[in-house]
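Colleague: query04.tsv (TSV, C-alpha atoms) pasted underneath:
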```tsv
chain	number	residue	atom	x	y	z
A	246	MET	CA	9.45	-7.38	7.89
A	247	ARG	CA	12.57	-9.34	7.04
A	248	ALA	CA	15.56	-8.52	9.24
A	249	PRO	CA	19.09	-9.95	8.94
A	250	VAL	CA	20.40	-10.98	12.37
A	251	SER	CA	23.73	-9.21	11.71
A	252	TRP	CA	21.82	-5.93	11.31
A	253	LEU	CA	20.03	-6.40	14.65
A	254	ARG	CA	23.38	-7.07	16.31
A	255	GLU	CA	24.61	-3.61	15.29
A	256	TYR	CA	22.10	-2.02	17.68
A	257	ALA	CA	21.36	-4.75	20.24
A	258	ALA	CA	24.40	-6.07	22.12
A	259	ILE	CA	23.50	-9.74	21.72
A	260	ALA	CA	26.17	-12.33	22.54
A	261	GLU	CA	27.78	-13.90	19.46
A	262	ASP	CA	26.68	-17.39	20.47
A	263	VAL	CA	22.98	-16.41	20.40
A	264	THR	CA	21.46	-17.90	17.26
A	265	GLY	CA	18.80	-16.48	15.01
A	266	ARG	CA	16.44	-19.18	16.25
A	267	ALA	CA	17.01	-18.07	19.86
A	268	ILE	CA	16.32	-14.45	18.88
A	269	GLY	CA	13.16	-15.52	17.07
A	270	ASP	CA	11.93	-17.48	20.10
A	271	ALA	CA	12.58	-14.49	22.37
A	272	LEU	CA	10.64	-12.17	20.07
A	273	ILE	CA	7.72	-14.64	19.98
A	274	ARG	CA	7.63	-14.56	23.78
A	275	ALA	CA	7.59	-10.75	23.53
A	276	GLY	CA	4.43	-10.93	21.41
A	277	LEU	CA	5.75	-10.75	17.83
A	278	GLU	CA	4.69	-13.15	15.08
A	279	VAL	CA	7.98	-14.63	13.86
A	280	GLU	CA	7.06	-16.74	10.85
A	281	SER	CA	10.50	-18.17	10.07
A	282	VAL	CA	14.22	-17.97	10.67
A	283	GLU	CA	16.13	-18.72	7.47
A	284	PRO	CA	19.76	-18.92	6.41
A	285	ALA	CA	20.70	-16.02	4.13
A	286	THR	CA	21.60	-18.47	1.36
A	287	GLU	CA	20.83	-22.06	0.41
A	288	VAL	CA	24.30	-22.54	-1.08
A	289	SER	CA	26.38	-25.38	0.36
A	290	GLY	CA	29.87	-26.46	-0.58
A	291	PRO	CA	32.88	-24.55	-1.90
A	292	LEU	CA	31.76	-21.11	-3.16
A	293	VAL	CA	34.95	-19.08	-3.51
A	294	VAL	CA	36.47	-15.89	-4.88
A	295	GLY	CA	38.26	-16.34	-8.21
A	296	ARG	CA	40.40	-14.12	-10.40
A	297	VAL	CA	40.11	-14.33	-14.19
A	298	LEU	CA	43.63	-14.84	-15.55
A	299	ASP	CA	42.75	-15.33	-19.21
A	300	LEU	CA	39.74	-15.71	-21.47
A	301	VAL	CA	39.18	-16.68	-25.09
A	302	GLU	CA	35.94	-15.87	-26.90
A	303	GLU	CA	34.73	-18.78	-29.01
A	304	PRO	CA	31.80	-18.34	-31.46
A	305	GLN	CA	29.45	-21.34	-31.61
A	306	LYS	CA	27.32	-22.79	-34.41
A	307	ASN	CA	24.14	-21.74	-32.56
A	308	GLY	CA	25.20	-18.08	-32.75
A	309	LYS	CA	26.31	-17.82	-29.14
A	310	VAL	CA	29.80	-16.71	-28.16
A	311	ILE	CA	31.12	-18.48	-25.07
A	312	ARG	CA	34.20	-17.59	-23.09
A	313	TRP	CA	36.80	-20.21	-22.21
A	314	CYS	CA	38.26	-18.81	-19.00
A	315	GLN	CA	41.26	-19.61	-16.85
A	316	VAL	CA	40.33	-18.73	-13.28
A	317	ASP	CA	42.64	-18.71	-10.26
A	318	VAL	CA	40.61	-19.96	-7.28
A	319	GLY	CA	43.49	-20.13	-4.80
A	320	PRO	CA	46.25	-22.70	-4.30
A	321	GLU	CA	44.06	-24.97	-2.15
A	322	HIS	CA	41.39	-25.15	-4.89
A	323	ASN	CA	43.41	-25.02	-8.11
A	324	ALA	CA	43.81	-28.81	-8.18
A	325	GLY	CA	47.59	-28.58	-8.51
A	326	GLN	CA	47.46	-26.15	-11.44
A	327	GLN	CA	47.72	-22.41	-11.81
A	328	ALA	CA	44.01	-22.10	-12.59
A	329	ARG	CA	40.82	-23.96	-13.42
A	330	GLY	CA	39.26	-23.91	-16.89
A	331	ILE	CA	35.65	-22.73	-16.79
A	332	VAL	CA	33.18	-22.09	-19.61
A	333	CYS	CA	31.09	-18.94	-19.17
A	334	GLY	CA	28.40	-17.38	-21.37
A	335	ALA	CA	28.44	-13.92	-19.76
A	336	HIS	CA	30.38	-11.01	-21.23
A	337	ASN	CA	30.35	-8.36	-18.46
A	338	PHE	CA	33.80	-9.16	-17.05
A	339	ALA	CA	37.42	-8.87	-18.12
A	340	VAL	CA	40.80	-10.40	-17.42
A	341	GLY	CA	41.86	-9.45	-13.89
A	342	ASP	CA	38.33	-9.25	-12.50
A	343	LEU	CA	37.37	-10.97	-9.27
A	344	VAL	CA	34.35	-13.25	-9.61
A	345	VAL	CA	32.30	-15.74	-7.59
A	346	VAL	CA	33.04	-19.37	-8.47
A	347	ALA	CA	31.04	-22.44	-7.50
A	348	LEU	CA	33.50	-25.33	-7.50
A	349	PRO	CA	32.56	-28.97	-8.12
A	350	GLY	CA	30.78	-30.24	-5.02
A	351	THR	CA	28.78	-27.03	-4.52
A	352	THR	CA	24.98	-27.22	-4.37
A	353	LEU	CA	23.17	-24.06	-5.46
A	354	PRO	CA	19.58	-23.05	-4.57
A	355	GLY	CA	17.03	-25.42	-6.04
A	356	GLY	CA	19.34	-28.38	-5.51
A	357	PHE	CA	21.49	-27.67	-8.59
A	358	GLN	CA	24.76	-29.52	-8.11
A	359	ILE	CA	28.01	-28.32	-9.65
A	360	ALA	CA	30.39	-30.87	-11.16
A	361	ALA	CA	33.12	-30.87	-13.81
A	362	ARG	CA	31.18	-31.22	-17.07
A	363	LYS	CA	32.05	-31.34	-20.76
A	364	THR	CA	30.41	-28.47	-22.60
A	365	TYR	CA	31.23	-26.54	-25.80
A	366	GLY	CA	34.25	-28.78	-26.34
A	367	HIS	CA	35.84	-28.14	-22.91
A	368	ILE	CA	35.74	-29.63	-19.43
A	369	SER	CA	34.23	-26.80	-17.39
A	370	ASP	CA	35.67	-27.28	-13.90
A	371	GLY	CA	33.16	-25.16	-11.96
A	372	MET	CA	30.81	-22.26	-12.64
A	373	ILE	CA	31.24	-18.47	-12.55
A	374	CYS	CA	28.04	-17.29	-10.87
A	375	ALA	CA	25.38	-14.67	-11.50
A	376	ALA	CA	23.29	-13.22	-8.65
A	377	ASP	CA	20.22	-15.33	-9.39
A	378	GLU	CA	22.27	-18.53	-9.41
A	379	ILE	CA	23.33	-18.14	-5.77
A	380	GLY	CA	20.01	-16.70	-4.58
A	381	THR	CA	21.10	-13.13	-3.89
A	382	GLY	CA	18.87	-11.55	-6.55
A	383	THR	CA	17.10	-12.07	-9.85
A	384	ASP	CA	19.68	-10.57	-12.20
A	385	HIS	CA	20.94	-12.95	-14.89
A	386	SER	CA	22.22	-10.28	-17.31
A	387	GLY	CA	25.79	-10.98	-16.25
A	388	ILE	CA	27.92	-12.61	-13.58
A	389	ILE	CA	28.86	-11.03	-10.24
A	390	VAL	CA	32.02	-8.92	-10.50
A	391	LEU	CA	33.49	-8.29	-7.07
A	392	PRO	CA	35.32	-5.12	-5.96
A	393	ALA	CA	38.97	-5.26	-4.93
A	394	THR	CA	38.08	-4.83	-1.26
A	395	VAL	CA	35.04	-5.59	0.90
A	396	ASN	CA	34.69	-3.97	4.34
A	397	GLY	CA	38.31	-2.85	4.13
A	398	GLN	CA	39.62	-6.34	3.39
A	399	ALA	CA	41.49	-7.03	0.13
A	400	LEU	CA	39.96	-9.96	-1.71
A	401	GLU	CA	42.17	-12.83	-2.82
A	402	PRO	CA	41.48	-15.96	-4.88
A	403	GLY	CA	40.30	-18.86	-2.76
A	404	MET	CA	38.54	-16.78	-0.09
A	405	ASP	CA	35.14	-18.00	1.07
A	406	ALA	CA	32.65	-16.07	-1.09
A	407	VAL	CA	29.77	-16.71	1.33
A	408	GLY	CA	31.51	-14.58	3.94
A	409	VAL	CA	32.63	-11.99	1.40
A	410	LEU	CA	29.04	-11.57	0.18
A	411	GLY	CA	27.68	-11.34	3.71
A	412	LEU	CA	25.62	-14.48	3.24
A	413	ASP	CA	26.85	-16.16	6.44
A	414	ASP	CA	23.80	-14.70	8.15
A	415	GLU	CA	20.27	-15.57	9.23
A	416	VAL	CA	17.09	-13.68	8.39
A	417	LEU	CA	14.05	-13.27	10.64
A	418	ASP	CA	10.73	-13.05	8.78
A	419	ILE	CA	8.17	-11.32	11.00
A	420	ALA	CA	4.49	-10.61	10.35
A	421	VAL	CA	4.09	-7.17	11.92
A	422	THR	CA	0.60	-6.49	13.23
A	423	PRO	CA	-0.89	-2.97	12.83
A	424	ASP	CA	-0.42	-2.12	16.53
A	425	LEU	CA	3.34	-2.78	16.32
A	426	GLY	CA	4.22	-0.49	13.40
A	427	TYR	CA	7.55	0.45	15.00
A	428	CYS	CA	8.67	-3.14	14.32
A	429	LEU	CA	8.67	-2.39	10.58
A	430	SER	CA	12.26	-1.33	11.19
A	431	VAL	CA	15.55	-2.78	12.37
A	432	ARG	CA	15.44	-0.05	15.03
A	433	GLY	CA	12.21	-1.35	16.53
A	434	LEU	CA	13.16	-5.01	16.29
A	435	ALA	CA	16.61	-4.37	17.79
A	436	ARG	CA	15.00	-2.54	20.72
A	437	GLU	CA	12.62	-5.46	21.35
A	438	THR	CA	15.56	-7.88	21.06
A	439	ALA	CA	17.67	-5.88	23.52
A	440	GLN	CA	14.79	-5.84	26.01
A	441	ALA	CA	14.18	-9.56	25.57
A	442	PHE	CA	17.81	-10.41	26.36
A	443	GLY	CA	18.41	-7.65	28.91
A	444	VAL	CA	21.27	-6.11	26.91
A	445	SER	CA	22.07	-2.57	25.80
A	446	PHE	CA	20.38	-0.90	22.84
A	447	THR	CA	21.95	1.76	20.62
A	448	ASP	CA	19.33	3.88	18.88
A	449	PRO	CA	20.20	4.48	15.19
A	450	ALA	CA	17.81	7.44	15.30
A	451	GLY	CA	19.18	8.89	18.52
A	452	GLN	CA	20.70	12.00	16.94
A	453	GLN	CA	19.56	15.27	18.50
A	454	THR	CA	17.38	17.59	16.42
A	455	ALA	CA	19.11	20.82	15.48
A	456	ALA	CA	17.54	24.20	14.78
A	457	PRO	CA	16.35	24.74	11.18
A	458	VAL	CA	18.73	26.52	8.82
A	459	ALA	CA	17.88	28.83	5.94
A	460	GLN	CA	20.51	27.61	3.47
A	461	GLY	CA	18.66	24.45	2.48
A	462	HIS	CA	16.01	23.97	-0.18
A	463	PRO	CA	12.97	26.13	0.74
A	464	VAL	CA	9.93	24.28	2.09
A	465	ARG	CA	6.43	25.61	2.90
A	466	LEU	CA	3.87	23.62	4.87
A	467	GLN	CA	0.28	24.55	4.10
A	468	THR	CA	-1.67	21.72	5.71
A	469	PRO	CA	-1.92	20.51	9.32
A	470	ALA	CA	-1.62	16.99	7.92
A	471	CYS	CA	2.15	17.64	7.64
A	472	PRO	CA	3.54	19.41	10.71
A	473	LEU	CA	7.12	18.22	10.17
A	474	PHE	CA	9.31	18.16	7.05
A	475	VAL	CA	13.08	17.71	7.14
A	476	ALA	CA	14.85	18.59	3.87
A	477	VAL	CA	18.60	18.02	3.52
A	478	THR	CA	20.44	18.83	0.30
A	479	VAL	CA	23.51	16.84	-0.80
A	480	THR	CA	25.64	18.00	-3.74
A	481	GLY	CA	28.55	16.45	-5.63
A	482	ILE	CA	27.07	12.95	-5.97
A	483	ASP	CA	29.07	10.76	-8.35
A	484	PRO	CA	26.43	9.16	-10.61
A	485	ASP	CA	28.84	6.37	-11.61
A	486	ARG	CA	29.10	4.98	-8.07
A	487	THR	CA	27.27	1.72	-7.43
A	488	SER	CA	25.96	0.27	-4.20
A	489	PRO	CA	28.55	-1.78	-2.30
A	490	ILE	CA	27.93	-5.49	-1.90
A	491	TRP	CA	27.04	-5.25	1.79
A	492	LEU	CA	24.32	-2.72	1.05
A	493	GLN	CA	22.88	-4.67	-1.87
A	494	ASN	CA	22.81	-7.91	0.09
A	495	ARG	CA	21.15	-6.39	3.15
A	496	LEU	CA	18.43	-4.95	0.94
A	497	ARG	CA	17.95	-8.33	-0.77
A	498	MET	CA	17.81	-10.16	2.56
A	499	ALA	CA	15.21	-7.64	3.70
A	500	GLY	CA	13.17	-8.37	0.57
A	501	MET	CA	13.98	-5.28	-1.51
A	502	ARG	CA	15.62	-5.08	-4.93
A	503	PRO	CA	18.74	-2.90	-5.32
A	504	ILE	CA	18.14	-0.15	-7.90
A	505	SER	CA	20.83	2.55	-7.74
A	506	LEU	CA	23.08	3.89	-5.01
A	507	PRO	CA	20.97	6.95	-4.00
A	508	VAL	CA	17.71	4.97	-4.09
A	509	ASP	CA	19.29	2.02	-2.26
A	510	ILE	CA	20.50	4.33	0.52
A	511	THR	CA	17.02	5.81	1.03
A	512	ASN	CA	15.51	2.30	1.21
A	513	TYR	CA	18.25	1.12	3.54
A	514	VAL	CA	17.66	3.97	6.00
A	515	MET	CA	13.89	3.43	5.86
A	516	LEU	CA	14.38	-0.23	6.78
A	517	GLU	CA	16.86	0.71	9.50
A	518	THR	CA	14.95	3.54	11.20
A	519	GLY	CA	11.34	3.02	10.13
A	520	GLN	CA	11.27	6.54	8.66
A	521	PRO	CA	10.22	6.59	4.98
A	522	ILE	CA	12.59	8.69	2.88
A	523	HIS	CA	12.02	10.30	-0.49
A	524	GLY	CA	14.78	11.67	-2.70
A	525	TYR	CA	14.31	14.44	-5.27
A	526	ASP	CA	16.72	15.28	-8.07
A	527	ALA	CA	17.46	18.87	-7.00
A	528	ASP	CA	18.13	19.94	-10.58
A	529	ARG	CA	14.61	18.85	-11.56
A	530	LEU	CA	12.87	20.84	-8.81
A	531	SER	CA	11.35	24.19	-9.73
A	532	GLY	CA	10.98	26.61	-6.83
A	533	PRO	CA	10.10	25.78	-3.22
A	534	ILE	CA	8.71	22.44	-2.07
A	535	VAL	CA	5.14	22.99	-0.83
A	536	VAL	CA	3.00	20.50	1.11
A	537	ARG	CA	-0.78	21.00	0.86
A	538	GLN	CA	-4.05	19.26	0.11
A	539	ALA	CA	-4.82	18.41	-3.51
A	540	GLU	CA	-7.04	20.74	-5.50
A	541	PRO	CA	-9.94	19.69	-7.77
A	542	GLY	CA	-8.78	18.53	-11.20
A	543	GLU	CA	-5.12	18.02	-10.27
A	544	ARG	CA	-3.38	14.95	-11.67
A	545	LEU	CA	-0.04	13.23	-11.09
A	546	ILE	CA	2.04	10.62	-12.90
A	547	THR	CA	3.53	8.54	-10.09
A	548	LEU	CA	6.78	6.58	-10.21
A	549	ASP	CA	4.92	3.53	-11.50
A	550	ASP	CA	4.08	5.52	-14.67
A	551	VAL	CA	0.34	5.68	-13.88
A	552	GLU	CA	-1.49	9.00	-14.21
A	553	ARG	CA	-3.76	9.54	-11.22
A	554	GLU	CA	-6.65	11.92	-10.63
A	555	LEU	CA	-6.19	13.39	-7.17
A	556	HIS	CA	-8.73	13.80	-4.37
A	557	PRO	CA	-8.98	16.79	-1.98
A	558	ASP	CA	-8.13	14.46	0.94
A	559	ASP	CA	-4.81	13.55	-0.72
A	560	ILE	CA	-1.76	15.28	0.76
A	561	VAL	CA	0.43	16.36	-2.13
A	562	ILE	CA	3.92	17.71	-2.67
A	563	VAL	CA	4.11	20.50	-5.26
A	564	ASP	CA	6.65	22.91	-6.72
A	565	ASP	CA	6.26	25.68	-9.27
A	566	SER	CA	5.67	23.08	-12.01
A	567	GLY	CA	2.68	21.51	-10.24
A	568	VAL	CA	2.16	18.31	-8.24
A	569	ILE	CA	5.35	16.25	-7.87
A	570	GLY	CA	4.40	13.69	-5.26
A	571	LEU	CA	1.62	11.89	-3.40
A	572	ALA	CA	2.77	12.52	0.17
A	573	GLY	CA	3.48	9.43	2.23
A	574	VAL	CA	2.69	7.08	-0.65
A	575	MET	CA	4.75	7.60	-3.82
A	576	GLY	CA	6.76	10.30	-5.58
A	577	GLY	CA	6.14	11.69	-9.02
A	578	ALA	CA	8.00	10.89	-12.21
A	579	THR	CA	9.10	14.46	-13.01
A	580	THR	CA	11.51	14.85	-10.09
A	581	GLU	CA	12.63	11.27	-9.50
A	582	LEU	CA	16.27	10.37	-9.01
A	583	ALA	CA	17.88	9.62	-12.37
A	584	ASP	CA	21.02	7.82	-13.51
A	585	GLN	CA	22.84	11.17	-13.74
A	586	THR	CA	21.59	12.77	-10.51
A	587	LYS	CA	24.34	14.87	-8.91
A	588	ARG	CA	22.29	16.95	-6.47
A	589	MET	CA	19.67	15.43	-4.21
A	590	VAL	CA	17.11	16.82	-1.78
A	591	ILE	CA	16.34	14.29	0.95
A	592	GLU	CA	12.83	14.34	2.40
A	593	ALA	CA	12.03	12.88	5.83
A	594	ALA	CA	8.58	14.07	6.89
A	595	TRP	CA	5.61	13.11	9.07
A	596	PHE	CA	2.20	12.81	7.41
A	597	ASP	CA	-1.20	12.17	8.98
A	598	PRO	CA	-1.55	8.35	9.25
A	599	VAL	CA	-5.30	8.27	8.56
A	600	LEU	CA	-5.05	10.40	5.42
A	601	VAL	CA	-2.07	8.44	4.09
A	602	GLY	CA	-3.92	5.16	4.63
A	603	ARG	CA	-7.01	6.47	2.84
A	604	THR	CA	-4.94	7.78	-0.06
A	605	ALA	CA	-3.12	4.46	-0.49
A	606	ARG	CA	-6.42	2.57	-0.58
A	607	ARG	CA	-8.18	5.16	-2.78
A	608	HIS	CA	-5.47	4.89	-5.44
A	609	ARG	CA	-4.84	1.17	-4.79
A	610	LEU	CA	-1.22	2.13	-4.30
A	611	GLY	CA	0.14	0.51	-1.18
A	612	SER	CA	3.88	1.14	-0.77
A	613	GLU	CA	6.61	0.48	1.77
A	614	ALA	CA	6.27	4.16	2.78
A	615	SER	CA	2.49	4.15	3.20
A	616	LYS	CA	2.65	0.90	5.17
A	617	ARG	CA	4.84	2.66	7.74
A	618	PHE	CA	3.09	6.04	7.76
A	619	GLU	CA	-0.41	4.61	8.24
A	620	ARG	CA	0.84	2.61	11.24
A	621	GLY	CA	2.32	5.74	12.82
A	622	ALA	CA	5.94	6.56	11.94
A	623	ASP	CA	7.97	8.07	14.78
A	624	PRO	CA	8.32	11.85	14.14
A	625	ALA	CA	11.36	11.92	16.41
A	626	ALA	CA	13.27	9.80	13.88
A	627	ALA	CA	12.91	12.13	10.89
A	628	TYR	CA	15.88	14.43	11.49
A	629	ALA	CA	18.31	11.60	12.28
A	630	ALA	CA	17.10	9.51	9.32
A	631	ALA	CA	17.57	12.36	6.83
A	632	HIS	CA	21.09	12.99	8.08
A	633	ARG	CA	21.85	9.25	8.06
A	634	VAL	CA	21.01	9.25	4.34
A	635	ALA	CA	23.22	12.31	3.81
A	636	ALA	CA	26.13	10.70	5.67
A	637	LEU	CA	25.90	7.50	3.60
A	638	LEU	CA	25.81	9.55	0.39
A	639	VAL	CA	28.95	11.36	1.50
A	640	ASP	CA	30.69	8.08	2.35
A	641	LEU	CA	29.60	6.04	-0.68
A	642	ALA	CA	28.79	8.55	-3.43
```
For this file, write the structure as structure tokens.
Modeller:
Amino acid sequence: MRAPVSWLREYAAIAEDVTGRAIGDALIRAGLEVESVEPATEVSGPLVVGRVLDLVEEPQKNGKVIRWCQVDVGPEHNAGQQARGIVCGAHNFAVGDLVVVALPGTTLPGGFQIAARKTYGHISDGMICAADEIGTGTDHSGIIVLPATVNGQALEPGMDAVGVLGLDDEVLDIAVTPDLGYCLSVRGLARETAQAFGVSFTDPAGQQTAAPVAQGHPVRLQTPACPLFVAVTVTGIDPDRTSPIWLQNRLRMAGMRPISLPVDITNYVMLETGQPIHGYDADRLSGPIVVRQAEPGERLITLDDVERELHPDDIVIVDDSGVIGLAGVMGGATTELADQTKRMVIEAAWFDPVLVGRTARRHRLGSEASKRFERGADPAAAYAAAHRVAALLVDLA
């Protein structure tokens, strides 16, 4: 489990002068296996926010088209001019966009040093960065385009991009043993941290359970292996919304790849609370959601595009169309969240740990969800986790 220190601080009232190393040492004394405490980024030197003032596309003899850009990086970094000239090969940005600029003197991950260099007939006075170049992801399809505001603060040229991207952080990397499954969550680690330092703990899954309501998507439980299933429906999702930078970076620091806003929110809440979440495209569901044991001859194409023959010990999710999910392990392809999803049914359930573990091993399909279920997810967190997902969808989507 990888946990950013800033995330732990949201729920454990640790003093600001307590370092990640001190937190790691305290958790070791509490019995956890802290393998490392790392900075969120290996970047050193001036990484700043820039605004593209002008760009000229220049075809090259090798068939490439480069962009000769004029980028405002703030009065203190513009070297006495209005802007710096930078060569860029990406094409996913426009004049007026805010970008991340590594100025000469910056060292990027892998020891790559930025200097003013002559290339394509210009002196490129810095580099406009993609996510993989600053170590926040693997995407090299285009450069990072920043929003106008981050955490309510308007971005301006010259601002420290490390702080803007939330990379001024430390990350704890913890090997969680099977008997400490609750530590596969920020919730569990924050509680241990609060106890270790004798400070207050705020439970992110402390919301009271309400009585069931009949207006939601119908659910029928037909196996004792699933005694609890929370289903919350959210409508009016804007499919064009993307995950904000803070959400993407927390997922990356925790070792997960951002995918899309609805999927990112479900993964974020799983990491936060320890409760695995599954999202269904409500418009792709047919009839009630039913939880039962698999029947002989049933098959399922899981989200990894593999068709699987099911076993009677497998807990499955079905609707009127047939099997749509391998409970506690992985969803099915027919009802997965899509690029145009506008209505979503959120699932937060409790499944028998032994059966989930056997299913994951039988199908050789270990997942982040099964890892938590087979170690004993907290059933008291399900209601709060489902509504946490719904609240983030309302706020962000």
Colleague: Between A:Ala456, A:Ala271, A:Ala347, A:Leu545, which is the closest to Phe442 (chain A) once you count only C-alpha atoms?
Modeller: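 Comparing A:Ala456, A:Ala271, A:Ala347, A:Leu545 against Phe442 (chain A), the winner is A:Ala271.
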Colleague: Residues within 10 Å of Gln440 (chain A), please, as number ranges by chain. Count all atoms listed in the file; anything in the same chain fewer than 5 positions from it doesn't count.
Modeller: A: 257, 271-272, 275, 434-435, 445-446
Colleague: Could you pull the residues within 7 Å of region 384-400 of chain A, counting only C-alpha atoms, minus those fewer than 3 positions along the same chain, as a list in words?
Modeller: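 So the residues in contact are Ala335, His336, Asn337, Phe338, Asp342, Leu343, Val344, Val345, Ile373, Cys374, Ala375, Ala376, Asp377 and Val409 of chain A.
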Colleague: For Ile562 (chain A), list every protein, DNA or RNA residue within 7 Å, evaluated using all atoms listed in the file, and leave out those in the same chain fewer than 3 positions away; present the list as a ChimeraX atom specification.
Modeller: /A:534-537,568-572
Colleague: So how many Å separate CA of Pro304 (chain A) and CA of Thr364 (chain A), to one decimal?
Modeller: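 These two atoms are separated by 13.5 Å.
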Colleague: Using all atoms listed in the file, give me every residue within 12 Å of (6.0, 22.2, -15.2) in file coordinates, as an mmCIF file with C-alpha atoms, in the coordinates of the input.
Modeller:
```cif
data_model
loop_
_atom_site.group_PDB
_atom_site.id
_atom_site.type_symbol
_atom_site.label_atom_id
_atom_site.label_comp_id
_atom_site.auth_asym_id
_atom_site.auth_seq_id
_atom_site.Cartn_x
_atom_site.Cartn_y
_atom_site.Cartn_z
ATOM 1 C CA ARG A 529 14.610 18.850 -11.560
ATOM 2 C CA LEU A 530 12.870 20.840 -8.810
ATOM 3 C CA SER A 531 11.350 24.190 -9.730
ATOM 4 C CA GLY A 532 10.980 26.610 -6.830
ATOM 5 C CA LEU A 545 -0.040 13.230 -11.090
ATOM 6 C CA VAL A 563 4.110 20.500 -5.260
ATOM 7 C CA ASP A 564 6.650 22.910 -6.720
ATOM 8 C CA ASP A 565 6.260 25.680 -9.270
ATOM 9 C CA SER A 566 5.670 23.080 -12.010
ATOM 10 C CA GLY A 567 2.680 21.510 -10.240
ATOM 11 C CA VAL A 568 2.160 18.310 -8.240
ATOM 12 C CA ILE A 569 5.350 16.250 -7.870
ATOM 13 C CA ALA A 578 8.000 10.890 -12.210
ATOM 14 C CA THR A 579 9.100 14.460 -13.010
ATOM 15 C CA THR A 580 11.510 14.850 -10.090
#
```
Colleague: What lies within 10 Å of Cys428 (chain A) using all atoms listed in the file, ignoring chain neighbours under 3 positions off, as number ranges by chain?
Modeller: A: 246, 277, 419-425, 431-437, 516, 518-519, 617
Colleague: Neighbourhood query: residues within 12 Å of (12.3, 2.5, 11.1), file coordinates, counting only C-alpha atoms; return as a ChimeraX atom specification.
Modeller: /A:246,248,425-436,448-451,511-522,593,613-614,616-618,620-627,629-631
Colleague: What is the distance between CA of Arg607 (chain A) and CA of Arg465 (chain A), in Å to one decimal?
Modeller: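 Rounded to one decimal, the two atoms are 25.8 Å apart.
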